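To keep things clear, I will list the structure first and then write my remarks on it.
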Amino acid sequence: MQKKTAVLSVIFIMAFFAFILANTSPAFSADSPSQYVIASDSEAIPSIIYKGQPVNFQTPPIFEGDEIYLPVRDIGTKHLFEQMGYYIDWSYAHETLSLFSGEKKLKWKSDSTTLEFCGNTFEAEKNIMLKDGTVYIPVRALGKIIGITPVFENGNYVLYPLLAGCKVLESNGLLNVKIDSGMPFELNVNKPAKDNNASYILSPMIAAQKEINIEQGGVSVHVVQQGTDCILDVKFPERRKVEVSRSDTQEALITGAPDFPSPALFSPQQIFGANFSPMGENQLMTFKFSGTVQYFWRYDSQANKLYIQIPQVTHAPSASDDWKNNFTAGGELTLSKVGSQNMALISINLKEGTYFKIYPSKEKNDEVVVEFSNKQWKTPIAAEGFSETRPAGVIIVIDPGHGGSDPGAINWKSGLYEKNINLDIALKLRSELTALGWTVIMTRTEDVDVGYPNDSAKEELQARVDVAEKNGATIFISLHCNAMSSPNSRGSSIHWYKQEDYALAQSLSNVLSDNLGLVDRGLCRNQFYVLRHSSMPAVLIEMAFISNPYESSLLASEDFRLKIARALSLAINEFVKTRTATR
């Protein structure tokens with residue numbers, strides 16, 4: 001009896017489930033696999049939105065997870081890509097997708113996740129889909145390569161520009177930050193450019209990562225997402241000015257160009273050519289100009305290429321133009337202009353194992369010398385720098401005290417290093433004097449030893465004097481911060497030694513006390529090495545006490561350091577003008 005009851009129960013249950021299955025509609029049809037999102041009558045199919053307008057498709061897209069597949073041959077897909085500046089095509093014969101936008105070209109075969117775009121090979125995250133005789137392309141996977149991305153908003157997918165590329169590039173000695181997207185975007189100023197820093201808003205723009213940091217070639221790039229915009233901050237090396245150019249609405253180039261003085265400070269000159277001569281085991285290449293020039297160099301270690309840029313210089317046609325192709329020590333030599341900056345450009349391909357130095361000629365005031373050697377110099381050569389040929393007029397040499405392995409005095413409580421304060425004020429002083437029309441040469445423009453790392457005090461000080469002597473300096477100014485064991489010592493002082501130093505020292509007396517309210521400690525005769533061994537008028541300025549809490553807080557201020565530079569520049573300007581007039 002129990003067995004019969006159990007059998008009847010099983011039959012009843014099976015009949016019940018059969019009835020339920022017979023009267024229930026299937027969720028997916030046989031030819032609609034469950035991984036594809038197929039909306040029922042009660043569900044709204046998401047729209048693809050571009051520039052605020054929905055795209056009309058004759059064949060609806062397929063939504064699979066977070067990926068969207070668009071029908072390649074559909075008129076809606078064609079119009080969408082045309083709005084983005086692309087021509088889209090599908091070859092049934094070769095089963096290949098093609099995209100064209102100016103010089104941008106993409107090729108993608110249906111049986112591969114590997115595709116070619118702009119001459120480079122990429123791996124896509126998804127394949128092209130073939131379904132029921134229709135070809136579908138994965139938008140998100142493709143967009144990560146060409147620069148578009150769908151964002152799900154209010155039940156629809158909105159297409160935004162994707163930050164497809166943010167790279168630091170070097171071209172002709174210029175440092176560039178290149179921004180690429182597959183869709184048009186706006187680049188607006190977030191904060192006005194200041195010196196070598198700038199901040200921009202990329203709108204609209206979606207970054208692949210919420211935050212991007214790039215450090216390359218002395219350039220710092222920081223990108224952070226803010227809503228549907230990106231904030232891009234860029235910092236170039238010192239002595240660079242920031243410029244923005246755009247080749248189209250999908251690409252922007254932020255350039256850190258050498259910050260040369262106003263063209264009004266330099267008369268246009270001509271370059272006549274280059275002479276080659278041996279110097280022992282080394283080789284010299286001497287460029288001849290029609291007059292005084294300022295020049296900038298940058299060494300690209302990856303390309304092993306040296307760039308020399310000279311503003312306000314034109315090429316003088318001559319029969320000796322074969323000097324361009326006769327350079328045996330370092331490969332090919334070319335000469336051209338650089339963009340809108342009206343600069344001559346000399347680019348030299350260096351052979352492997354070739355080292356260089358670049359300096360003004362010691363004998364003539366209109367020549368620049370590049371010295372090549374197959375041996376490394378004892379003193380490392382900076383990757384870039386500014387300099388001037390030696391003019392017949394006034395030359396002011398500024399010496400930021402200490403540097404490199406020698407920090408100078410340190411205030412451990414405030415974290416201030418004398419070498420850094422000296423350099424910052426010296427760079428500001430150079431800018432002020434250059435703006436007044438004077439030629440200025442620095443013993444150092446960065447945190448380095450002027451001689452070589454860990455050299456003796458005598459060698460280091462002599463290297464500073466050598467800069468002034470070799471450049472025929474009119475005056476020599478050495479900048480320092482004072483320090484004492486007592487934190488109560490304060491004020492500024494001017495130090496001199498030779499009789500010819502005194503007039504210069506006197507012209508600078510009271511300058512910092514009158515303009516900045518510092519205590520005047522007066523003129524001091526002192527046997528400092530740079531004063532005793534320099535042949536021109538020279539002074540050493542102790543600007544303030546880094547060991548004094550109040551003056552240390554002043555020295556930490558950017559505004560105060562600029563005030564020191566401006567006060568000194570005006571006094572130096574008056575002294576040099578008077579000296580020049582009485583010659």
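Within each chain, counting starts at residue 1; across the structure tokens, chains are named A, B, ... in the order shown, with ligands numbered 1 upward in that order.
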What's the 10 Å shell around A:Met84, counting only C-alpha atoms, without same-chain residues fewer than 2 positions away, as a short mmCIF file (atom, residue, chain, number, x, y, z; two decimals) with C-alpha atoms, in the first residue's frame?
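Written file, result39.cif:
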```cif
data_model
loop_
_atom_site.label_atom_id
_atom_site.label_comp_id
_atom_site.auth_asym_id
_atom_site.auth_seq_id
_atom_site.Cartn_x
_atom_site.Cartn_y
_atom_site.Cartn_z
CA TYR A 50 26.51 60.71 -29.17
CA HIS A 79 26.80 57.86 -39.54
CA LEU A 80 28.12 57.52 -35.97
CA PHE A 81 31.70 56.98 -37.11
CA GLU A 82 31.40 59.72 -39.73
CA TYR A 86 36.11 58.11 -39.41
CA TYR A 87 35.14 56.28 -42.58
CA SER A 101 40.56 59.30 -40.43
CA ILE A 148 36.14 56.38 -27.36
CA PRO A 161 36.18 60.80 -25.73
CA GLY A 182 39.23 59.17 -31.01
CA MET A 183 36.60 61.87 -30.55
CA PRO A 184 36.70 65.68 -30.51
CA GLN A 250 41.08 65.02 -31.51
#
```
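One finds atom CA of A:Glu371 at 17.9 Å from atom CA of A:Ile310.
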Of A:Lys105, A:Glu251, A:Gln226, A:Ala483, the one sitting nearest A:Ala164 when using only C-alpha atoms is A:Glu251
- Query: Nearest to A:Tyr136 among A:Leu174, A:Trp90, A:Val158, A:Ile572, with distances taken over only C-alpha atoms: which residue is it?
  - Reply: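 Of all the options, A:Trp90 lies closest to A:Tyr136.
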ask   = In terms of the shortest atom-to-atom distance over only C-alpha atoms, which of A:Asn190, A:Ser203, A:Ala344, A:Asp259 is closest to A:Val234?
value =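 Counting only C-alpha atoms, the residue closest to A:Val234 is A:Asn190.
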